[in-house]
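Contents: one structure, followed by commentary.
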Amino acid sequence: MKSYDVIIVGAGSMGMSAGYYLARRGVRTLLIDAFDPPHREGSHHGEPRLIRHAYSGHAVYTGMAIRAHELWNELEERMERKLLIQSGVLNITDTQINSFDERIAEAAKQGVHTEKLNADDIRKRWKGLELPNHFEAMYEPAAGYLCSEACVDSYKALALAHGAELLPHTAVCGITARRGSVVVHTRTAKFHGAKLILTAGAWFSTLAPFISLPVRAVRKTVGWFETGSSDFHAGKFPGFTLHTQEGGYYGFPDIGGAGLKIGRHDTGLEWKPGEPLLPFGSLNEDEGDLRGVLGKYMPAAAGRLSKGTVCKYEMSPDEDFIIDRHPHYPHIVVAGGFSGHGFKFSSVVGEICSQLVLDEASQHDIRPFALSRFAQQASPAPSFA
């Protein structure tokens with residue numbers, strides 16, 4: 001039975017990042033994944049992903065977003081590969097349902113520059129937008145989007161270069177833990193580790209009852225639509241979020257003729273590991289919701305659907321992250337429930353997980369992400385097999 005300092009179960013965006021930060025410090029690290037990352041079975045495929053800094057909710061998000069951006073820039077330098085496009089991000093809202101005032105105030109406290117724009121300002125700067133007069137926006141010029149699969153692939157290359165081992169196409173079928181050690185069981189072997197990080201994403205339910213997170217996996221759809229105007233092309237149009245009576249949406253400019261990408265953040269069908277994931281177009285709303293909001297607010301971007309795909313969110317009850325130690329085993333770190341807004345943070349979450357598992361303090365106050373905040377959380381069993 002091979003032995004490692006740290007074993008990571010789930011080598012997607014968060015796990016692969018943590019693997020790199022551990023391996024570069026000389027920590028003997030094993031990454032285990034049921035697939036071969038980057039892959040299409042989690043939450044990181046179908047590039048790109050937004051990165052923005054002026055966040056709602058806990059103030060820790062803004063600080064983490066700033067650090068995440070620094071780490072993405074560092075990754076770019078090490079790989080000599082462009083991963084982050086600073087396109088700006090335009091956050092648009094119907095003022096009858098939302099306001100950016102608190103986010104703008106918190107951003108200013110942490111040194112993040114934003115611009116508050118009324119509907120007329122928005123229409124003048126981005127000709128393709130048709131917004132009612134009571135809409136407003138918060139523009140973040142330093143924000144942008146990440147090439148998600150390339151980011152995971154870059155962390156993978158660096159982790160392996162620093163000596164980490166990756167076991168792809170390997171499902172974990174058991175974990176046994178004692179004070180100061182763990183044993184991870186697969187169908188063909190067992191692996192011993194002094195410590196463990198669990199970053200299983202939408203597949204966390206397969207680790208129950210060893211750890212039972214209040215996380216549900218949700219099927220999400222995104223589509224790319226042909227644009228009838230260069231106003232939506234990359235370099236002219238930013239990444240965006242759109243909060244309307246029709247729902248919450250996010251998207252990206254037309255990059256290289258691929259079409260404007262748009263997805264819906266709210267709604268979605270619950271999915272469980274082992275169940276088939278319905279392909280894009282199985283439901284009328286897969287394309288209908290996206291086309292409807294484009295037709296209303298960005299009609300020149302509501303052309304032919306050139307591509308549609310599905311991915312998975314892993315939703316916590318309050319849509320805040322879970323980053324904590326196992327309730328029974330302090331040498332096991334758990335990170336999940338990233339609720340459709342986690343990818344931008346995967347660089348810093350990997351750093352935080354690597355620090356926690358090595359019993360080091362994080363510069364970020366992660367108390368809002370404690371598992372104990374869920375009063376209904378059942379006490380996990382000590383092992384499963």
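Every chain in the structure tokens takes a letter, A first, then B, and so on in the order presented; its residues are numbered from 1, and the ligands are numbered from 1 following the presented order.
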
*For region 119-126 of chain A: contacts at 10 Å, only C-alpha atoms, fewer than 2 positions along chain excluded, given as an MDAnalysis selection string*: chainID A and resid 90 92:94 116:117 128:139 231:232 236:238

Keeping only C-alpha atoms, take the residues you just selected and write them out as an mmCIF file, in the first residue's frame.
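Full text of out_28.cif as output:
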data_model
loop_
_atom_site.group_PDB
_atom_site.id
_atom_site.type_symbol
_atom_site.label_atom_id
_atom_site.label_comp_id
_atom_site.auth_asym_id
_atom_site.auth_seq_id
_atom_site.Cartn_x
_atom_site.Cartn_y
_atom_site.Cartn_z
ATOM 1 C CA LEU A 90 -20.887 44.581 -16.650
ATOM 2 C CA ILE A 92 -26.838 44.737 -14.919
ATOM 3 C CA THR A 93 -29.920 44.744 -12.721
ATOM 4 C CA ASP A 94 -33.554 45.702 -12.620
ATOM 5 C CA LYS A 116 -22.176 52.804 -11.284
ATOM 6 C CA LEU A 117 -24.080 53.407 -14.522
ATOM 7 C CA GLY A 128 -26.221 46.229 -28.485
ATOM 8 C CA LEU A 129 -28.030 46.503 -25.144
ATOM 9 C CA GLU A 130 -31.693 47.503 -25.022
ATOM 10 C CA LEU A 131 -32.546 48.148 -21.383
ATOM 11 C CA PRO A 132 -35.528 49.810 -19.672
ATOM 12 C CA ASN A 133 -34.828 53.166 -18.068
ATOM 13 C CA HIS A 134 -35.084 51.824 -14.514
ATOM 14 C CA PHE A 135 -32.176 49.397 -15.043
ATOM 15 C CA GLU A 136 -28.686 50.197 -13.751
ATOM 16 C CA ALA A 137 -25.279 48.555 -13.755
ATOM 17 C CA MET A 138 -22.065 48.154 -11.824
ATOM 18 C CA TYR A 139 -19.099 47.934 -14.189
ATOM 19 C CA ASP A 231 -21.038 45.220 -30.863
ATOM 20 C CA PHE A 232 -20.984 41.844 -29.087
ATOM 21 C CA LYS A 236 -15.786 45.485 -27.565
ATOM 22 C CA PHE A 237 -18.274 43.742 -25.277
ATOM 23 C CA PRO A 238 -17.549 42.691 -21.690
#

*Step one, run DSSP on the backbone; step two, keep only residues of region 196-269 of chain A assigned to helix (DSSP H, G or I); then write them as an MDAnalysis selection string.*
chainID A and resid 201:207 230:232

_Point-to-point distance in Å for CA of Glu226 (chain A) and CA of Arg304 (chain A)_ = 5.3 Å

With DSSP run on the backbone, what are the strand (DSSP E or B) residues within region 35-212 of chain A? I'd like them as a short mmCIF file (atom, residue, chain, number, x, y, z; two decimals) with N, CA and C atoms, in the first residue's frame.
data_model
loop_
_atom_site.label_atom_id
_atom_site.label_comp_id
_atom_site.auth_asym_id
_atom_site.auth_seq_id
_atom_site.Cartn_x
_atom_site.Cartn_y
_atom_site.Cartn_z
N ARG A 49 -15.18 31.23 -17.89
CA ARG A 49 -15.83 31.50 -16.61
C ARG A 49 -15.51 32.93 -16.18
N LEU A 50 -16.51 33.62 -15.63
CA LEU A 50 -16.31 34.99 -15.18
C LEU A 50 -15.38 35.05 -13.97
N ILE A 51 -14.59 36.12 -13.90
CA ILE A 51 -13.91 36.47 -12.67
C ILE A 51 -14.22 37.93 -12.39
N LEU A 84 -6.39 34.42 -18.39
CA LEU A 84 -7.34 35.40 -17.87
C LEU A 84 -7.42 36.57 -18.85
N ILE A 85 -8.62 36.83 -19.35
CA ILE A 85 -8.86 37.93 -20.29
C ILE A 85 -9.55 39.06 -19.53
N VAL A 89 -16.32 43.38 -16.62
CA VAL A 89 -17.59 42.69 -16.39
C VAL A 89 -18.67 43.72 -16.08
N LEU A 90 -19.76 43.67 -16.82
CA LEU A 90 -20.89 44.58 -16.65
C LEU A 90 -22.00 43.84 -15.93
N ASN A 91 -22.28 44.24 -14.69
CA ASN A 91 -23.34 43.63 -13.89
C ASN A 91 -24.59 44.51 -14.00
N ILE A 92 -25.63 43.98 -14.62
CA ILE A 92 -26.84 44.74 -14.92
C ILE A 92 -27.96 44.25 -14.02
N THR A 93 -28.79 45.16 -13.54
CA THR A 93 -29.92 44.74 -12.72
C THR A 93 -31.15 45.61 -12.95
N ASP A 94 -32.28 45.00 -12.71
CA ASP A 94 -33.55 45.70 -12.62
C ASP A 94 -33.62 46.27 -11.20
N GLU A 115 -17.73 51.22 -11.41
CA GLU A 115 -18.46 52.37 -11.93
C GLU A 115 -19.95 52.06 -11.88
N LYS A 116 -20.73 52.96 -11.30
CA LYS A 116 -22.18 52.80 -11.28
C LYS A 116 -22.76 53.55 -12.47
N LEU A 117 -23.56 52.85 -13.28
CA LEU A 117 -24.08 53.41 -14.52
C LEU A 117 -25.60 53.31 -14.55
N ASN A 118 -26.24 54.35 -15.08
CA ASN A 118 -27.68 54.27 -15.31
C ASN A 118 -27.95 53.69 -16.69
N PHE A 135 -33.30 50.29 -15.25
CA PHE A 135 -32.18 49.40 -15.04
C PHE A 135 -30.92 50.21 -14.71
N GLU A 136 -29.98 49.58 -14.01
CA GLU A 136 -28.69 50.20 -13.75
C GLU A 136 -27.62 49.11 -13.78
N ALA A 137 -26.37 49.52 -13.68
CA ALA A 137 -25.28 48.55 -13.75
C ALA A 137 -24.13 48.96 -12.85
N MET A 138 -23.34 47.97 -12.49
CA MET A 138 -22.06 48.15 -11.82
C MET A 138 -21.01 47.55 -12.76
N TYR A 139 -20.13 48.39 -13.25
CA TYR A 139 -19.10 47.93 -14.19
C TYR A 139 -17.78 47.78 -13.45
N GLU A 140 -17.13 46.63 -13.64
CA GLU A 140 -15.83 46.35 -13.04
C GLU A 140 -14.78 46.26 -14.17
N GLY A 144 -13.05 40.15 -15.69
CA GLY A 144 -13.00 39.54 -17.02
C GLY A 144 -13.44 38.09 -16.98
N TYR A 145 -12.74 37.25 -17.74
CA TYR A 145 -13.11 35.84 -17.77
C TYR A 145 -11.87 34.96 -17.89
N LEU A 146 -12.04 33.72 -17.41
CA LEU A 146 -10.98 32.72 -17.37
C LEU A 146 -11.25 31.62 -18.38
N GLU A 165 1.28 12.83 -8.02
CA GLU A 165 0.80 11.71 -8.83
C GLU A 165 -0.70 11.87 -9.04
N LEU A 166 -1.15 11.52 -10.24
CA LEU A 166 -2.57 11.61 -10.59
C LEU A 166 -3.07 10.23 -10.98
N LEU A 167 -4.16 9.83 -10.37
CA LEU A 167 -4.80 8.56 -10.69
C LEU A 167 -6.15 8.87 -11.33
N VAL A 172 -13.43 6.32 -6.09
CA VAL A 172 -13.17 5.99 -4.70
C VAL A 172 -14.39 5.23 -4.17
N CYS A 173 -14.15 4.06 -3.60
CA CYS A 173 -15.27 3.25 -3.11
C CYS A 173 -15.21 3.06 -1.60
N GLY A 174 -14.26 3.68 -0.92
CA GLY A 174 -14.22 3.59 0.53
C GLY A 174 -13.15 4.49 1.12
N ILE A 175 -13.40 5.00 2.31
CA ILE A 175 -12.42 5.78 3.06
C ILE A 175 -12.47 5.30 4.51
N THR A 176 -11.31 5.01 5.05
CA THR A 176 -11.19 4.66 6.45
C THR A 176 -10.26 5.67 7.11
N ALA A 177 -10.67 6.24 8.21
CA ALA A 177 -9.86 7.27 8.86
C ALA A 177 -9.62 6.93 10.32
N ARG A 178 -8.42 7.23 10.76
CA ARG A 178 -8.06 7.19 12.16
C ARG A 178 -7.30 8.48 12.46
N SER A 181 -4.23 9.53 10.19
CA SER A 181 -4.04 8.75 8.97
C SER A 181 -5.38 8.48 8.30
N VAL A 182 -5.31 8.18 7.02
CA VAL A 182 -6.49 7.79 6.25
C VAL A 182 -6.07 6.67 5.29
N VAL A 183 -7.04 5.87 4.91
CA VAL A 183 -6.84 4.89 3.84
C VAL A 183 -7.97 5.11 2.83
N VAL A 184 -7.59 5.33 1.58
CA VAL A 184 -8.55 5.53 0.50
C VAL A 184 -8.59 4.25 -0.33
N HIS A 185 -9.79 3.69 -0.49
CA HIS A 185 -9.98 2.43 -1.19
C HIS A 185 -10.53 2.71 -2.60
N THR A 186 -9.92 2.10 -3.60
CA THR A 186 -10.49 2.07 -4.94
C THR A 186 -10.83 0.62 -5.25
N LYS A 190 -5.50 0.13 -2.43
CA LYS A 190 -5.69 0.99 -1.27
C LYS A 190 -4.49 1.93 -1.18
N PHE A 191 -4.75 3.16 -0.71
CA PHE A 191 -3.70 4.15 -0.61
C PHE A 191 -3.74 4.78 0.79
N HIS A 192 -2.59 4.87 1.40
CA HIS A 192 -2.48 5.43 2.74
C HIS A 192 -2.03 6.88 2.66
N GLY A 193 -2.64 7.72 3.45
CA GLY A 193 -2.23 9.12 3.53
C GLY A 193 -2.22 9.60 4.96
N ALA A 194 -1.32 10.52 5.25
CA ALA A 194 -1.34 11.14 6.57
C ALA A 194 -2.52 12.09 6.68
N LYS A 195 -2.87 12.72 5.54
CA LYS A 195 -3.96 13.69 5.54
C LYS A 195 -4.75 13.56 4.25
N LEU A 196 -5.92 14.21 4.21
CA LEU A 196 -6.84 14.04 3.09
C LEU A 196 -7.56 15.34 2.79
N ILE A 197 -7.75 15.64 1.51
CA ILE A 197 -8.59 16.74 1.06
C ILE A 197 -9.70 16.15 0.19
N LEU A 198 -10.94 16.51 0.48
CA LEU A 198 -12.10 16.05 -0.29
C LEU A 198 -12.65 17.23 -1.08
#

_Nearest residue to Ile255 (chain A) from the set A:Val349, A:Ala300, A:Ile104, A:Cys147 (distances using only C-alpha atoms)_ =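 Among the listed residues, the smallest separation from Ile255 (chain A) belongs to A:Cys147.
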
_What does the structure give for the distance between CA of His53 (chain A) and CA of Ala65 (chain A), in Å to one decimal?_
5.2 Å

*asked:* Would you compute the distance between CA of Gly288 (chain A) and CA of Leu269 (chain A)? Give it in Å to one decimal.
replied: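 So the two atoms, CA of Gly288 (chain A) and CA of Leu269 (chain A), lie 15.4 Å apart.
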
_Within 9 Å of Ser346 (chain A) using only C-alpha atoms, minus same-chain residues under 3 positions, as a PyMOL selection string_ = chain A and resi 13-18+68+342-343+349-351

Could you save the residues just selected, with N, CA and C atoms, as an mmCIF file, in the first residue's frame?
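File produced: again-v2.cif:
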data_model
loop_
_atom_site.group_PDB
_atom_site.id
_atom_site.type_symbol
_atom_site.label_atom_id
_atom_site.label_comp_id
_atom_site.auth_asym_id
_atom_site.auth_seq_id
_atom_site.Cartn_x
_atom_site.Cartn_y
_atom_site.Cartn_z
ATOM 1 N N SER A 13 -11.210 21.529 -10.542
ATOM 2 C CA SER A 13 -10.587 22.850 -10.426
ATOM 3 C C SER A 13 -9.998 23.090 -9.042
ATOM 4 N N MET A 14 -10.756 22.815 -7.985
ATOM 5 C CA MET A 14 -10.267 23.059 -6.624
ATOM 6 C C MET A 14 -9.184 22.048 -6.243
ATOM 7 N N GLY A 15 -9.445 20.773 -6.515
ATOM 8 C CA GLY A 15 -8.503 19.740 -6.132
ATOM 9 C C GLY A 15 -7.181 19.838 -6.860
ATOM 10 N N MET A 16 -7.230 20.131 -8.165
ATOM 11 C CA MET A 16 -5.988 20.222 -8.928
ATOM 12 C C MET A 16 -5.165 21.419 -8.481
ATOM 13 N N SER A 17 -5.839 22.507 -8.179
ATOM 14 C CA SER A 17 -5.152 23.682 -7.653
ATOM 15 C C SER A 17 -4.456 23.352 -6.340
ATOM 16 N N ALA A 18 -5.179 22.703 -5.413
ATOM 17 C CA ALA A 18 -4.579 22.321 -4.139
ATOM 18 C C ALA A 18 -3.404 21.378 -4.352
ATOM 19 N N ALA A 68 -7.401 35.530 -5.700
ATOM 20 C CA ALA A 68 -7.541 34.579 -6.804
ATOM 21 C C ALA A 68 -6.980 35.168 -8.091
ATOM 22 N N GLY A 342 -18.074 29.329 -8.105
ATOM 23 C CA GLY A 342 -16.822 29.011 -7.452
ATOM 24 C C GLY A 342 -15.589 28.993 -8.331
ATOM 25 N N PHE A 343 -15.745 28.808 -9.655
ATOM 26 C CA PHE A 343 -14.538 28.564 -10.446
ATOM 27 C C PHE A 343 -13.521 29.689 -10.326
ATOM 28 N N VAL A 349 -8.940 28.912 -3.459
ATOM 29 C CA VAL A 349 -9.469 27.813 -2.649
ATOM 30 C C VAL A 349 -8.434 26.693 -2.558
ATOM 31 N N GLY A 350 -7.743 26.408 -3.660
ATOM 32 C CA GLY A 350 -6.675 25.419 -3.614
ATOM 33 C C GLY A 350 -5.577 25.828 -2.650
ATOM 34 N N GLU A 351 -5.238 27.103 -2.666
ATOM 35 C CA GLU A 351 -4.228 27.604 -1.738
ATOM 36 C C GLU A 351 -4.701 27.450 -0.290
#

_Exercise: Ser154 (chain A) partners within 7 Å, only C-alpha atoms, chain neighbours under 4 positions left out, as a PyMOL selection string_ = chain A and resi 79+150+158
